Amino acid sequence: MITTNANFTAKHNLANKTPVYLVSFENERVSFSNKRINWANYLLNENCDDISDWIDADIPVAESSQTTFDGREVFKFSVTDPGAAAIRWKLLGAMPDAFCLSVRTYFPAAGSGLWIYVYVNSSQGFYILFDSTDLTIRNSSGTYASVGSYVKTTEYQDWVFSVNESAGLCDVWLNNKIIGREVNCLYAAGGLMEGLMYVVETNPGKTSYIDYIAVREGTHTEQYLIDISGLSQQITPEEGKTSIGGTKIKILDYNGEITALLATDPYYFHRKKVTTKAGYLGMAESDMLTIQTGWITGISLTSDGAAYQVDVTDPQKFMQRKIFRGSEDVPVTISGNPIDLLLRLLVSTGNGTNGEYDIYSEENGLGISTDYINVTAIENVREDWFPGASNHMNFTITSRIKAKEFFEQEIFQPLNIYPYIDGLGRFSVKPYKPPFGINTANQSFDEDNIIGMPTWNANLDQMINEVEFFYDWDGSEFLTELFFADGTSIDNRGPGKKPLTIKSKGWGENFYDVIVRRKNAVFNRFSNPPPPEISFSCFFDRWLSEATDIVEITHGDIPNVADGTRGIIAERMEVVDRSVNWKNGSVKMSLLATGFGKADFALVSPSGTITAGASATEFTVSTADAVKFVVGWEIEVLDGRMRQKAANVTILTINTTTGVITTDSIGSTPSAGWKIQFAKRSLCTAQQQKYWFQTGTTSNPIVP
């Protein structure tokens with residue numbers, strides 16, 4: 001899940017507001033927005049969710065209040081009797097010479113008379129009147145002159161008035177399009193209080209709504225950010241593949257500014273870092289959600305010649321490079337924990353200056369800066385799921401290979417992990433595993449944030465009931481091939497799609513147990529029956545859920561095939577596809593059932609059988625048992641009749657080749673047939689404790 005400012009989820013959803021996107025190029029040298037907003041120096045920034053700090057000056061019978069209308073928090077101005085007025089006022093303070101007034105209005109019916117006044121100094125006022133169908137502005141002679149018949153009913157309209165006090169002129173925008181230039185706009189009244197602002201409805205029997213209103217320092221210019229398209233994450237279950245779609249950003253070449261940058265430096269934008277944030281009108285930039293960080297890989301002029309299109313891609317583009325670039329001359333041998341191998345190949349520069357994993361020569365690695373890799377998150381995956389030598393891999397490479405292909409085939413698919421790019425543009429991985437305990441960080445989905453009716457698909461064409469594995473590579477071929485078929489599934493449902501093939505040159509001859517567990521995981525999810533898929537659109541704040549996240553969904557209309565009823569509650573599902581609708585400020589999600597129970601489960605403590613004892617601090621187990629344990633773990637030693645011989649014994653060393661383990665003193669030399677397993681849960685390491693059975697948020701250790 002993306003980590004972001006918590007205020008984002010506390011604000012209104014973009015689906016109920018005017019989406020605002022901010023695109024910034026490297027080091028904030030250039031920033032563009034679809035609103036061209038100056039993010040600082042607000043005199044007023046009102047989301048209309050609280051009217052208590054506005055002074056109530058209603059003339060009865062009329063009402064000015066805060067309410068919820070059409071799913072939005074709004075100010076309501078309603079007049080009942082002739083001569084009445086719904087009035088609120090607020091003091092903004094000293095006014096700058098240039099300022100922008102932004103307001104979002106909604107008029108349920110024609111005939112409203114909504115006034116907005118701002119006194120720019122002690123003798124001049126800026127007056128707006130939304131007069132039925134006409135937008136009018138009071139000029140220097142005191143006359144309300146029409147800008148045009150732009151006022152509409154039963155729709156939200158975004159107005160911006162860019163005022164220059166010294167010139168007495170303003171420009172007017174409606175829904176990002178300019179509708180009036182250099183409009184005469186200031187009326188000299190005298191005896192005014194600078195910064196005093198009024199909002200007034202005067203027409204009897206009429207109601208007006210304001211969804212947003214703001215006053216800020218500075219002028220409003222043309223819309224720069226014309227359009228954003230693209231951006232998606234999609235995973236291919238069981239294959240270790242992630243597809244991340246880039247974005248195309250169209251930027252207006254206003255006054256030739258973009259062309260001027262190109263003229264200064266033809267490569268000004270090439271490989272520049274790009275950050276895209278999302279929010280809504282009135283939201284502070286610090287509260288906006290960073291939804292993509294990428295790099296510019298293309299720029300072209302649009303067909304009308306008025307704008308440039310910028311292509312932005314993510315760091316996975318770097319994975320297209322080849323690694324082991326000198327292996328055709330001299331074979332390259334690497335070995336170790338597969339997650340360690342991944343980190344080393346990602347960062348190695350040959351100089352040893354790019355973090356602790358920069359240990360390979362330059363031609364064997366990608367040399368990606370650790371700024372673009374979430375090293376800590378990848379290390380956590382290693383410690384939680386693939387610790388120590390538990391999945392030790394060994395490779396001898398004799399030819400160059402594209403990094404993406406090597407990672408997917410040799411590491412990601414065998415381990416069933418997926419690569420992804422977080423909102424900060426950092427590469428990371430996630431395993432497909434049941435969650436440890438209740439993960440309150442992940443989001444949930446329900447009828448409060450799902451838009452419309454979800455679609456449900458039984459997903460029958462994705463059934464997998466045959467799996468083949470190739471491993472134990474001798475330099476020219478795989479010495480071992482295993483083929484597994486789920487006979488029950490084939491008898492009941494027929495063969496599924498083509499067999500899933502998993503190959504790894506890093507798996508040695510002793511990996512049979514690992515392969516069986518991998519096979520079981522595939523059949524458990526895809527064989528009998530395959531997992532259903534649910535797709536829907538949802539509010540933009542659900543963008544925090546990324547492809548590969550395990551999330552919960554509750555919905556009263558989705559089929560519950562287990563019970564034969566409608567309605568599912570807190571069903572555990574995996575996000576397999578996510579894309580954004582930039583125009584509407586919504587997100588489309590596809591979730592795939594996991595089969596994980598609503599309680600939370602973890603692994604049961606591994607055990608091993610001692611085959612020979614050398615001393616009170618050294619004994620031997622099989623190599624298959626040796627890889628189950630990790631140096632530093634606390635174990636218990638039992639004799640052949642399962643009687644405790646020693647407790648809280650710390651493992652000091654493990655030789656996964658011979659199976660020899662050294663420990664603290666057991667008190668006597670163990671005999672063949674004795675057992676080792678975890679010590680009491682409360683005395684185990686934090687990593688070991690994750691192996692205990694979990695249900696809900698309560699820990700329930702299994703006692704031998």
# chains A, B, ... in the order shown; residues from 1 in each chain; ligands from 1
call {"tool": "residues_around", "arguments": {"residues": "Tyr42 of chain A", "least_positions_apart": "4", "cutoff": "7 Å", "atoms": "only C-alpha atoms", "output": "ChimeraX atom specification"}}
result
/A:215-217
call {"tool": "closest_atom_pairs", "arguments": {"of": "segment 434-505 of chain A", "to": "segment 566-576 of chain A", "cutoff": "9 Å", "atoms": "only C-alpha atoms", "output": "Markdown table"}}
result
| residue | atom | partner | partner_atom | distance |
| --- | --- | --- | --- | --- |
| A:Ser444 | CA | A:Ala570 | CA | 8.0 |
| A:Phe445 | CA | A:Ala570 | CA | 8.6 |
| A:Asp446 | CA | A:Ala570 | CA | 8.9 |
call {"tool": "closest_residue", "arguments": {"among": "A:Ile451, A:Leu415, A:Ile558, A:Cys684", "to": "Trp507 of chain A", "atoms": "only C-alpha atoms"}}
result
A:Leu415
call {"tool": "closest_residue", "arguments": {"among": "A:Lys583, A:Arg325, A:Lys90, A:Lys76", "to": "Ile55 of chain A", "atoms": "only C-alpha atoms"}}
result
A:Lys90
call {"tool": "atom_distance", "arguments": {"atom1": "atom CA of Trp385 of chain A", "atom2": "atom CA of Gln687 of chain A"}}
result
9.3 Å
call {"tool": "closest_residue", "arguments": {"among": "A:Val151, A:Ala167, A:Met463, A:Leu638", "to": "Ser668 of chain A", "atoms": "only C-alpha atoms"}}
result
A:Leu638
call {"tool": "residues_around", "arguments": {"residues": "segment 609-626 of chain A", "least_positions_apart": "3", "cutoff": "12 Å", "atoms": "only C-alpha atoms", "output": "ChimeraX atom specification"}}
result
/A:388-392,508-514,606,629-631,637-640,642,645-646,649-677
call {"tool": "write_last_selection", "arguments": {"atoms": "N, CA and C atoms", "output": "short mmCIF file (atom, residue, chain, number, x, y, z; two decimals), in the first residue's frame"}}
result
data_model
loop_
_atom_site.label_atom_id
_atom_site.label_comp_id
_atom_site.auth_asym_id
_atom_site.auth_seq_id
_atom_site.Cartn_x
_atom_site.Cartn_y
_atom_site.Cartn_z
N GLY A 388 17.40 -16.11 5.79
CA GLY A 388 18.64 -16.90 5.80
C GLY A 388 18.85 -17.68 4.53
N ALA A 389 19.15 -18.97 4.70
CA ALA A 389 19.44 -19.85 3.57
C ALA A 389 18.22 -20.69 3.20
N SER A 390 17.03 -20.26 3.61
CA SER A 390 15.83 -21.08 3.40
C SER A 390 15.52 -21.33 1.94
N ASN A 391 15.96 -20.45 1.06
CA ASN A 391 15.72 -20.63 -0.37
C ASN A 391 17.02 -20.36 -1.14
N HIS A 392 18.11 -20.83 -0.61
CA HIS A 392 19.43 -20.58 -1.20
C HIS A 392 19.43 -20.97 -2.68
N GLY A 508 18.46 -26.08 -6.68
CA GLY A 508 19.31 -27.27 -6.75
C GLY A 508 18.50 -28.54 -6.55
N GLU A 509 19.21 -29.66 -6.47
CA GLU A 509 18.55 -30.96 -6.41
C GLU A 509 17.79 -31.19 -5.11
N ASN A 510 18.07 -30.41 -4.07
CA ASN A 510 17.43 -30.60 -2.76
C ASN A 510 16.17 -29.75 -2.57
N PHE A 511 15.61 -29.24 -3.65
CA PHE A 511 14.49 -28.32 -3.53
C PHE A 511 13.13 -29.00 -3.71
N TYR A 512 13.08 -30.31 -3.60
CA TYR A 512 11.81 -31.00 -3.83
C TYR A 512 10.71 -30.50 -2.88
N ASP A 513 11.03 -30.37 -1.58
CA ASP A 513 10.02 -29.92 -0.61
C ASP A 513 9.52 -28.53 -0.94
N VAL A 514 10.42 -27.64 -1.35
CA VAL A 514 10.03 -26.28 -1.72
C VAL A 514 9.09 -26.30 -2.91
N PRO A 606 8.39 -24.98 12.29
CA PRO A 606 9.09 -26.11 11.64
C PRO A 606 9.78 -26.98 12.69
N PHE A 629 15.67 -23.57 9.37
CA PHE A 629 16.01 -22.78 10.55
C PHE A 629 16.97 -21.65 10.18
N VAL A 630 17.10 -20.69 11.10
CA VAL A 630 17.89 -19.49 10.86
C VAL A 630 18.78 -19.22 12.06
N VAL A 631 20.01 -18.79 11.80
CA VAL A 631 20.92 -18.41 12.87
C VAL A 631 20.28 -17.33 13.74
N VAL A 637 14.85 -28.55 22.42
CA VAL A 637 15.38 -29.86 22.04
C VAL A 637 14.60 -30.94 22.80
N LEU A 638 14.07 -31.92 22.07
CA LEU A 638 13.26 -33.00 22.65
C LEU A 638 13.92 -34.34 22.31
N ASP A 639 13.76 -35.32 23.21
CA ASP A 639 14.30 -36.64 22.89
C ASP A 639 13.31 -37.39 21.99
N GLY A 640 13.65 -38.66 21.70
CA GLY A 640 12.84 -39.44 20.79
C GLY A 640 11.43 -39.69 21.27
N MET A 642 9.71 -37.31 22.78
CA MET A 642 9.16 -35.96 22.85
C MET A 642 9.18 -35.37 24.25
N LYS A 645 14.47 -31.81 26.55
CA LYS A 645 15.84 -31.97 27.04
C LYS A 645 16.51 -30.61 27.27
N ALA A 646 16.10 -29.60 26.51
CA ALA A 646 16.67 -28.26 26.68
C ALA A 646 15.70 -27.24 26.08
N VAL A 649 17.39 -22.60 23.50
CA VAL A 649 18.74 -22.79 22.99
C VAL A 649 18.90 -21.93 21.73
N THR A 650 19.95 -21.12 21.69
CA THR A 650 20.15 -20.22 20.55
C THR A 650 21.00 -20.91 19.48
N ILE A 651 20.52 -20.86 18.21
CA ILE A 651 21.29 -21.39 17.09
C ILE A 651 22.43 -20.42 16.77
N LEU A 652 23.65 -20.93 16.72
CA LEU A 652 24.82 -20.10 16.47
C LEU A 652 25.26 -20.16 15.02
N THR A 653 25.30 -21.35 14.43
CA THR A 653 25.69 -21.49 13.03
C THR A 653 24.87 -22.61 12.39
N ILE A 654 24.71 -22.52 11.07
CA ILE A 654 24.03 -23.57 10.29
C ILE A 654 24.83 -23.79 9.02
N ASN A 655 25.18 -25.02 8.73
CA ASN A 655 25.81 -25.37 7.47
C ASN A 655 24.77 -26.11 6.64
N THR A 656 24.21 -25.40 5.65
CA THR A 656 23.12 -25.99 4.87
C THR A 656 23.62 -27.06 3.89
N THR A 657 24.93 -27.14 3.71
CA THR A 657 25.48 -28.17 2.82
C THR A 657 25.63 -29.50 3.55
N THR A 658 26.06 -29.44 4.83
CA THR A 658 26.27 -30.68 5.60
C THR A 658 25.16 -30.95 6.61
N GLY A 659 24.39 -29.91 6.95
CA GLY A 659 23.35 -30.07 7.96
C GLY A 659 23.85 -29.91 9.38
N VAL A 660 25.10 -29.52 9.57
CA VAL A 660 25.66 -29.35 10.90
C VAL A 660 25.18 -28.03 11.50
N ILE A 661 24.69 -28.10 12.76
CA ILE A 661 24.20 -26.94 13.48
C ILE A 661 24.94 -26.84 14.80
N THR A 662 25.40 -25.63 15.14
CA THR A 662 25.99 -25.40 16.46
C THR A 662 25.07 -24.48 17.25
N THR A 663 25.05 -24.70 18.58
CA THR A 663 24.13 -23.97 19.45
C THR A 663 24.77 -23.68 20.79
N ASP A 664 24.01 -22.98 21.64
CA ASP A 664 24.37 -22.93 23.05
C ASP A 664 24.37 -24.37 23.59
N SER A 665 24.88 -24.56 24.75
CA SER A 665 24.95 -25.91 25.31
C SER A 665 23.56 -26.48 25.58
N ILE A 666 23.38 -27.72 25.10
CA ILE A 666 22.14 -28.44 25.34
C ILE A 666 22.19 -29.14 26.70
N GLY A 667 23.37 -29.35 27.21
CA GLY A 667 23.56 -30.02 28.49
C GLY A 667 24.10 -31.42 28.35
N SER A 668 23.88 -32.03 27.18
CA SER A 668 24.43 -33.37 26.89
C SER A 668 24.45 -33.54 25.38
N THR A 669 25.19 -34.56 24.93
CA THR A 669 25.25 -34.82 23.49
C THR A 669 23.94 -35.46 23.03
N PRO A 670 23.27 -34.86 22.06
CA PRO A 670 22.00 -35.42 21.61
C PRO A 670 22.22 -36.72 20.83
N SER A 671 21.21 -37.57 20.83
CA SER A 671 21.26 -38.84 20.10
C SER A 671 20.44 -38.73 18.82
N ALA A 672 20.73 -39.65 17.90
CA ALA A 672 19.95 -39.70 16.66
C ALA A 672 18.48 -39.94 17.01
N GLY A 673 17.60 -39.20 16.31
CA GLY A 673 16.17 -39.34 16.58
C GLY A 673 15.60 -38.26 17.46
N TRP A 674 16.48 -37.49 18.12
CA TRP A 674 15.98 -36.36 18.90
C TRP A 674 15.40 -35.31 17.94
N LYS A 675 14.56 -34.41 18.50
CA LYS A 675 13.88 -33.40 17.68
C LYS A 675 14.28 -32.00 18.11
N ILE A 676 14.25 -31.09 17.15
CA ILE A 676 14.38 -29.66 17.47
C ILE A 676 13.16 -28.93 16.91
N GLN A 677 12.69 -27.93 17.65
CA GLN A 677 11.57 -27.10 17.20
C GLN A 677 11.68 -25.76 17.92
#
call {"tool": "select_by_dssp", "arguments": {"residues": "segment 159-358 of chain A", "states": "strand (DSSP E or B)", "output": "MDAnalysis selection string"}}
result
chainID A and resid 159:164 169:174 177:184 186:188 196:201 207:217 225:236 241:252 273:280 289:301 307:313 322:323 332:336
call {"tool": "residues_around", "arguments": {"residues": "Asn184 of chain A", "least_positions_apart": "3", "cutoff": "10 Å", "atoms": "only C-alpha atoms", "output": "VMD selection string"}}
result
chain A and resid 137 to 141 145 163 167 to 171 181 187
